[in-house]
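A.B. asks: Sharing model-v2.tsv here; it has TSV, C-alpha atoms.
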chain	number	residue	atom	x	y	z
L	1473	ALA	CA	0.00	0.00	0.00
L	1474	LEU	CA	2.88	2.37	0.68
L	1475	ALA	CA	3.97	1.89	-2.92
L	1476	GLY	CA	0.65	3.19	-4.22
L	1477	ALA	CA	-1.51	1.55	-6.86
L	1478	PRO	CA	0.02	-1.50	-8.58
L	1479	GLY	CA	2.35	-0.50	-11.40
L	1480	PRO	CA	5.96	-0.80	-12.54
L	1481	VAL	CA	8.71	-1.53	-10.02
L	1482	GLY	CA	12.39	-1.17	-10.90
L	1483	ILE	CA	14.82	-3.50	-9.13
L	1484	LEU	CA	18.57	-3.07	-9.45
L	1485	GLY	CA	19.98	-6.44	-10.38
L	1486	PRO	CA	21.06	-9.06	-10.47
L	1487	THR	CA	19.91	-9.58	-6.90
L	1488	TYR	CA	17.89	-12.04	-4.88
L	1489	SER	CA	14.37	-12.74	-6.04
L	1490	GLU	CA	12.26	-12.10	-2.94
L	1491	HIS	CA	11.53	-8.45	-3.73
L	1492	ALA	CA	10.27	-9.22	-7.23
L	1493	ALA	CA	8.16	-12.11	-5.92
L	1494	ALA	CA	6.56	-9.96	-3.21
L	1495	PHE	CA	5.67	-7.15	-5.60
L	1496	ARG	CA	4.37	-9.59	-8.19
L	1497	ALA	CA	2.11	-11.15	-5.55
L	1498	GLY	CA	0.74	-7.66	-4.84
L	1499	GLY	CA	-0.18	-7.07	-8.47
L	1500	PHE	CA	2.84	-4.94	-9.36
L	1501	THR	CA	5.06	-5.44	-12.42
L	1502	PRO	CA	8.65	-5.78	-11.24
L	1503	ALA	CA	11.49	-5.50	-13.76
L	1504	GLU	CA	15.10	-6.20	-12.85
L	1505	SER	CA	17.80	-4.19	-14.59
L	1506	GLY	CA	21.48	-3.44	-14.22
L	1507	ASP	CA	20.86	0.15	-15.38
L	1508	ILE	CA	20.62	2.05	-12.11
L	1509	ASP	CA	19.24	5.22	-13.69
L	1510	ALA	CA	16.45	3.26	-15.39
L	1511	VAL	CA	15.64	1.54	-12.10
L	1512	LEU	CA	15.55	4.83	-10.18
L	1513	ALA	CA	13.21	6.33	-12.78
L	1514	ALA	CA	10.51	3.76	-11.97
L	1515	PRO	CA	7.55	4.80	-9.78
L	1516	VAL	CA	8.87	2.36	-7.18
L	1517	ALA	CA	12.60	1.61	-7.11
L	1518	VAL	CA	14.30	-1.15	-5.12
L	1519	VAL	CA	18.05	-1.16	-4.49
L	1520	VAL	CA	19.74	-3.83	-2.38
L	1521	ASN	CA	22.77	-1.98	-1.01
L	1522	PRO	CA	25.20	-3.64	-0.48
L	1523	ASN	CA	23.94	-6.04	-3.09
L	1524	ASN	CA	23.57	-9.78	-2.82
L	1525	PRO	CA	25.21	-11.73	-4.45
L	1526	THR	CA	27.66	-9.29	-6.03
L	1527	GLY	CA	28.61	-7.42	-2.85
L	1528	THR	CA	28.71	-4.15	-4.76
L	1529	VAL	CA	27.86	-0.87	-3.03
L	1530	VAL	CA	26.32	2.29	-4.43
L	1531	PRO	CA	27.66	5.16	-2.27
L	1532	PRO	CA	24.69	6.51	-0.30
L	1533	ASP	CA	25.09	10.13	-1.38
L	1534	SER	CA	25.38	9.06	-5.01
L	1535	LEU	CA	22.34	6.79	-4.72
L	1536	LEU	CA	20.10	9.54	-3.37
L	1537	ALA	CA	21.44	12.11	-5.83
L	1538	ARG	CA	20.77	9.84	-8.79
L	1539	TRP	CA	17.34	8.97	-7.46
L	1540	GLY	CA	16.58	12.67	-7.11
L	1541	ALA	CA	17.64	13.27	-10.70
L	1542	ASN	CA	15.65	10.34	-12.13
L	1543	ARG	CA	12.72	9.80	-9.77
L	1544	ALA	CA	9.18	9.65	-11.02
L	1545	GLY	CA	7.72	11.01	-7.80
L	1546	GLY	CA	7.44	7.60	-6.19
L	1547	LEU	CA	9.10	5.50	-3.53
L	1548	LEU	CA	12.69	4.35	-3.08
L	1549	ILE	CA	13.21	1.13	-1.11
L	1550	VAL	CA	16.77	0.46	0.03
L	1551	ASP	CA	17.43	-3.02	1.38
L	1552	GLU	CA	20.34	-2.68	3.80
L	1553	ALA	CA	20.33	-6.25	5.10
L	1554	PHE	CA	24.10	-6.44	4.53
L	1555	ALA	CA	24.98	-2.85	5.48
L	1556	ASP	CA	25.77	-3.36	9.16
L	1557	CYS	CA	29.32	-4.48	8.38
L	1558	ASP	CA	30.07	-0.88	7.35
L	1559	PRO	CA	27.72	1.84	8.62
L	1560	GLY	CA	29.21	4.27	6.11
L	1561	VAL	CA	27.22	2.66	3.29
L	1562	SER	CA	23.83	3.41	4.86
L	1563	VAL	CA	21.49	6.06	3.45
L	1564	VAL	CA	19.72	6.46	6.79
L	1565	PRO	CA	21.49	9.70	7.87
L	1566	LEU	CA	20.59	11.30	4.53
L	1567	ILE	CA	16.94	10.49	3.89
L	1568	GLY	CA	15.19	13.18	5.97
L	1569	ASP	CA	11.51	13.37	5.01
L	1570	GLU	CA	12.01	11.94	1.53
L	1571	PRO	CA	9.83	8.98	0.46
L	1572	VAL	CA	12.62	6.50	1.18
L	1573	VAL	CA	12.14	3.26	3.09
L	1574	VAL	CA	15.20	1.45	4.46
L	1575	LEU	CA	14.94	-2.24	5.32
L	1576	LYS	CA	17.15	-3.65	8.08
L	1577	SER	CA	17.73	-7.25	9.15
L	1578	PHE	CA	19.12	-9.17	12.12
L	1579	GLY	CA	19.78	-12.25	10.00
L	1580	LYS	CA	23.08	-11.29	8.38
L	1581	PHE	CA	25.61	-9.30	10.42
L	1582	PHE	CA	24.01	-10.27	13.74
L	1583	GLY	CA	23.64	-13.93	12.73
L	1584	LEU	CA	20.07	-14.15	14.06
L	1585	ALA	CA	18.33	-15.47	10.96
L	1586	GLY	CA	16.16	-17.83	13.01
L	1587	LEU	CA	14.71	-14.86	14.88
L	1588	ARG	CA	12.93	-13.70	11.69
L	1589	LEU	CA	13.29	-10.10	12.80
L	1590	GLY	CA	13.89	-6.90	10.90
L	1591	PHE	CA	12.81	-3.28	10.99
L	1592	VAL	CA	12.10	-0.32	8.77
L	1593	ILE	CA	13.51	3.20	8.88
L	1594	GLY	CA	11.90	6.04	6.98
L	1595	ALA	CA	10.05	9.32	7.13
L	1596	PRO	CA	7.55	9.40	10.02
L	1597	GLU	CA	4.51	9.36	7.74
L	1598	PHE	CA	5.69	6.26	5.90
L	1599	VAL	CA	6.55	4.46	9.13
L	1600	ARG	CA	3.14	5.38	10.58
L	1601	GLN	CA	1.33	3.96	7.56
L	1602	LEU	CA	3.35	0.77	7.73
L	1603	ALA	CA	2.68	0.37	11.46
L	1604	GLU	CA	-1.05	0.72	10.86
L	1605	ARG	CA	-0.98	-2.08	8.31
L	1606	SER	CA	1.26	-4.46	10.25
L	1607	GLY	CA	-1.09	-4.82	13.23
L	1608	PRO	CA	-0.33	-4.85	16.97
L	1609	TRP	CA	1.38	-8.27	17.18
L	1610	ALA	CA	3.57	-8.35	14.09
L	1611	VAL	CA	6.68	-9.26	16.15
L	1612	SER	CA	6.90	-11.29	19.35
L	1613	GLY	CA	8.06	-9.74	22.61
L	1614	PRO	CA	11.07	-12.08	22.98
L	1615	ALA	CA	12.23	-11.27	19.44
L	1616	LEU	CA	11.99	-7.55	20.18
L	1617	ALA	CA	14.00	-8.00	23.40
L	1618	VAL	CA	16.76	-9.92	21.61
L	1619	GLY	CA	16.87	-7.36	18.80
L	1620	ALA	CA	17.09	-4.42	21.19
L	1621	GLN	CA	19.92	-6.07	23.12
L	1622	ALA	CA	21.82	-6.81	19.89
L	1623	LEU	CA	21.57	-3.21	18.69
L	1624	ALA	CA	22.68	-1.88	22.09
L	1625	ASP	CA	25.82	-4.03	22.29
L	1626	ALA	CA	28.24	-1.49	20.82
L	1627	THR	CA	31.32	-3.43	21.94
L	1628	TRP	CA	30.23	-6.62	20.18
L	1629	ILE	CA	29.32	-4.68	17.04
L	1630	ALA	CA	32.71	-2.95	16.86
L	1631	ASP	CA	34.64	-6.15	17.59
L	1632	THR	CA	32.64	-8.09	15.01
L	1633	ARG	CA	33.23	-5.49	12.31
L	1634	ARG	CA	36.97	-5.66	12.89
L	1635	GLY	CA	36.95	-9.44	13.06
L	1636	LEU	CA	34.99	-9.82	9.85
L	1637	ARG	CA	37.40	-7.61	7.95
L	1638	THR	CA	40.41	-9.52	9.28
L	1639	ASP	CA	38.85	-12.90	8.49
L	1640	CYS	CA	37.82	-11.66	5.05
L	1641	ASP	CA	41.39	-10.62	4.26
L	1642	ARG	CA	42.63	-14.06	5.33
L	1643	PHE	CA	40.04	-15.81	3.19
L	1644	ASP	CA	40.77	-13.60	0.20
L	1645	ALA	CA	44.43	-14.59	0.47
L	1646	ILE	CA	43.46	-18.28	0.36
L	1647	LEU	CA	41.27	-17.72	-2.68
L	1648	ALA	CA	43.98	-15.71	-4.44
L	1649	ALA	CA	46.54	-18.45	-3.77
L	1650	HIS	CA	44.29	-20.80	-5.75
L	1651	GLY	CA	43.75	-18.46	-8.67
L	1652	LEU	CA	40.37	-17.13	-7.56
L	1653	THR	CA	39.65	-13.40	-7.43
L	1654	PRO	CA	36.91	-12.43	-4.95
L	1655	SER	CA	34.83	-9.34	-5.59
L	1656	GLY	CA	32.50	-7.10	-3.62
L	1657	SER	CA	32.88	-5.23	-0.37
L	1658	VAL	CA	30.71	-7.37	1.94
L	1659	PRO	CA	32.91	-9.45	4.27
L	1660	LEU	CA	30.09	-11.86	5.11
L	1661	PHE	CA	30.45	-13.57	1.73
L	1662	ARG	CA	32.72	-13.59	-1.29
L	1663	LEU	CA	31.74	-13.83	-4.94
L	1664	VAL	CA	34.17	-15.35	-7.40
L	1665	ALA	CA	33.80	-15.54	-11.16
L	1666	ASP	CA	35.39	-18.59	-12.72
L	1667	ARG	CA	34.62	-20.76	-15.73
L	1668	GLY	CA	34.94	-23.78	-13.47
L	1669	ALA	CA	32.37	-22.54	-10.94
L	1670	GLN	CA	30.13	-25.60	-11.29
L	1671	ALA	CA	33.01	-28.04	-10.78
L	1672	LEU	CA	34.28	-25.96	-7.87
L	1673	HIS	CA	30.82	-25.97	-6.30
L	1674	GLU	CA	30.60	-29.75	-6.61
L	1675	ARG	CA	34.10	-30.39	-5.26
L	1676	LEU	CA	33.54	-28.16	-2.25
L	1677	ALA	CA	30.20	-29.88	-1.60
L	1678	GLN	CA	31.97	-33.25	-1.59
L	1679	ASN	CA	34.12	-31.84	1.19
L	1680	GLY	CA	31.13	-30.68	3.22
L	1681	ILE	CA	31.41	-27.04	2.15
L	1682	TRP	CA	28.24	-25.59	0.65
L	1683	THR	CA	28.39	-22.71	-1.80
L	1684	ARG	CA	25.86	-20.98	-4.01
L	1685	ILE	CA	25.70	-21.06	-7.81
L	1686	PHE	CA	23.37	-19.02	-9.99
L	1687	ASP	CA	21.21	-19.88	-12.98
L	1688	TYR	CA	21.69	-16.39	-14.46
L	1689	ASP	CA	25.49	-16.60	-14.49
L	1690	ALA	CA	27.13	-20.02	-14.70
L	1691	ASN	CA	30.53	-18.54	-13.82
L	1692	TRP	CA	29.51	-17.13	-10.45
L	1693	LEU	CA	30.08	-18.83	-7.12
L	1694	ARG	CA	29.21	-17.26	-3.77
L	1695	MET	CA	31.03	-18.48	-0.69
L	1696	GLY	CA	30.23	-17.75	2.92
L	1697	LEU	CA	33.03	-16.43	5.11
L	1698	PRO	CA	34.87	-19.07	7.19
L	1699	ARG	CA	35.50	-17.57	10.61
L	1700	SER	CA	37.95	-20.06	12.16
L	1701	ASP	CA	41.38	-21.39	11.21
L	1702	GLU	CA	39.88	-24.88	11.08
L	1703	ASP	CA	37.24	-23.84	8.56
L	1704	ARG	CA	39.71	-21.86	6.47
L	1705	ASN	CA	42.01	-24.88	6.38
L	1706	ARG	CA	39.12	-27.07	5.24
L	1707	VAL	CA	38.41	-24.73	2.33
L	1708	ALA	CA	42.10	-24.50	1.45
L	1709	GLY	CA	42.40	-28.29	1.49
L	1710	ALA	CA	39.37	-28.69	-0.75
L	1711	LEU	CA	40.76	-26.14	-3.19
L	1712	GLU	CA	44.13	-27.93	-3.20
L	1713	SER	CA	42.37	-31.11	-4.33
L	1714	LEU	CA	40.96	-29.48	-7.44
L	1715	PRO	CA	42.52	-30.62	-10.70
L	1716	ALA	CA	44.59	-28.00	-12.50
L	1717	SER	CA	42.58	-26.08	-15.08
What would the structure in this file look like if it were written as structure tokens?
C.D. replies:
Amino acid sequence: ALAGAPGPVGILGPTYSEHAAAFRAGGFTPAESGDIDAVLAAPVAVVVNPNNPTGTVVPPDSLLARWGANRAGGLLIVDEAFADCDPGVSVVPLIGDEPVVVLKSFGKFFGLAGLRLGFVIGAPEFVRQLAERSGPWAVSGPALAVGAQALADATWIADTRRGLRTDCDRFDAILAAHGLTPSGSVPLFRLVADRGAQALHERLAQNGIWTRIFDYDANWLRMGLPRSDEDRNRVAGALESLPAS
């Protein structure tokens, strides 16, 4: 309802499919495109920032400036599920009273996917409308308590950000040593592009390491971040066992 009457929705892609599916179920016509200006010109624009699975980031000031230059008077939805690793990529400090809705999640950086908890930040009028439509019991009390405690733990947040970056650098070195070049700026996962992505996916699976491949790009492989020396050694060992290409 916040998006207005059903109509076109621009989604910056490639990205995960849930946004398109949700809008399609609501009678909208979502169209995914890699042309950010075309996406931002749609009556409703959706940008996952940082993106999944590419890990790319549109700088927040640039994103809002380009939306302002292209917007069709509608709504901008920014999915920041992966933004907590680096608060500098968030548009939240810049949105003011603009019709911008920011989606936040506890399932990525905080590792609380089973909690099924997230929240929305936006102009007061948009948040009020959303609250009216979500009802009084949209989220359980225990989930709210856990979420509030997680957000308040500044020490854990700072330590985790530093640790993720360190572990990401270590993992990138392992990948590079095996001829793989990771891309993106999200330390929670790494995307590699390789013609042997399917074989790599299968070999890692045989070693108990699950990765993600994509039907829209057969050369892409997304790998979660191993956080311990033991897990990094497992990945390195599996990569060592790959036949030379």
A.B. asks: Mind listing as a list in words all residues within 9 Å of (31.1, -5.0, 10.8), counting all atoms listed in the file?
C.D. replies: Ala1555, Asp1556, Cys1557, Asp1558, Pro1559, Phe1581, Ile1629, Ala1630, Asp1631, Thr1632, Arg1633, Arg1634, Gly1635, Leu1636, Arg1637, Pro1659 and Leu1660 of chain L
A.B. asks: To one decimal place in Å, what is the distance between atom CA of L:Phe1582 and atom CA of L:Leu1566?
C.D. replies: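 Taking atom CA of L:Phe1582 as the start and atom CA of L:Leu1566 as the end point, the length is 23.7 Å.
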A.B. asks: For atom CA of L:Phe1643 and atom CA of L:Leu1697, quote the distance in Å rounded to one decimal.
C.D. replies: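 Computing it gives 7.3 Å between the two atoms.
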A.B. asks: Near L:Val1707, within 9 Å and counting all atoms listed in the file, which residues show up once chain neighbours fewer than 5 positions away are dropped, as number ranges by chain?
C.D. replies: L: 1646, 1676, 1679, 1681, 1698, 1702, 1712
A.B. asks: Find the distance between atom CA of L:Ala1603 and atom CA of L:Ile1549 and write it in Å to one decimal.
C.D. replies: 16.4 Å
A.B. asks: Wanna dump the stretch 1566-1660 of chain L-stretch 1529-1539 of chain L contacts at 10 Å for me, each residue with its shortest atom pair and the distance in Å to one decimal, counting only C-alpha atoms, ordered by chain and number, as a tab-separated table?
C.D. replies:
residue	atom	partner	partner_atom	distance
L:Leu1566	CA	L:Asp1533	CA	7.5
L:Ile1567	CA	L:Leu1536	CA	8.0
L:Glu1570	CA	L:Leu1536	CA	9.8
L:Val1572	CA	L:Leu1536	CA	9.3
L:Gly1656	CA	L:Val1529	CA	7.8
L:Ser1657	CA	L:Val1529	CA	7.2
L:Val1658	CA	L:Val1529	CA	8.7
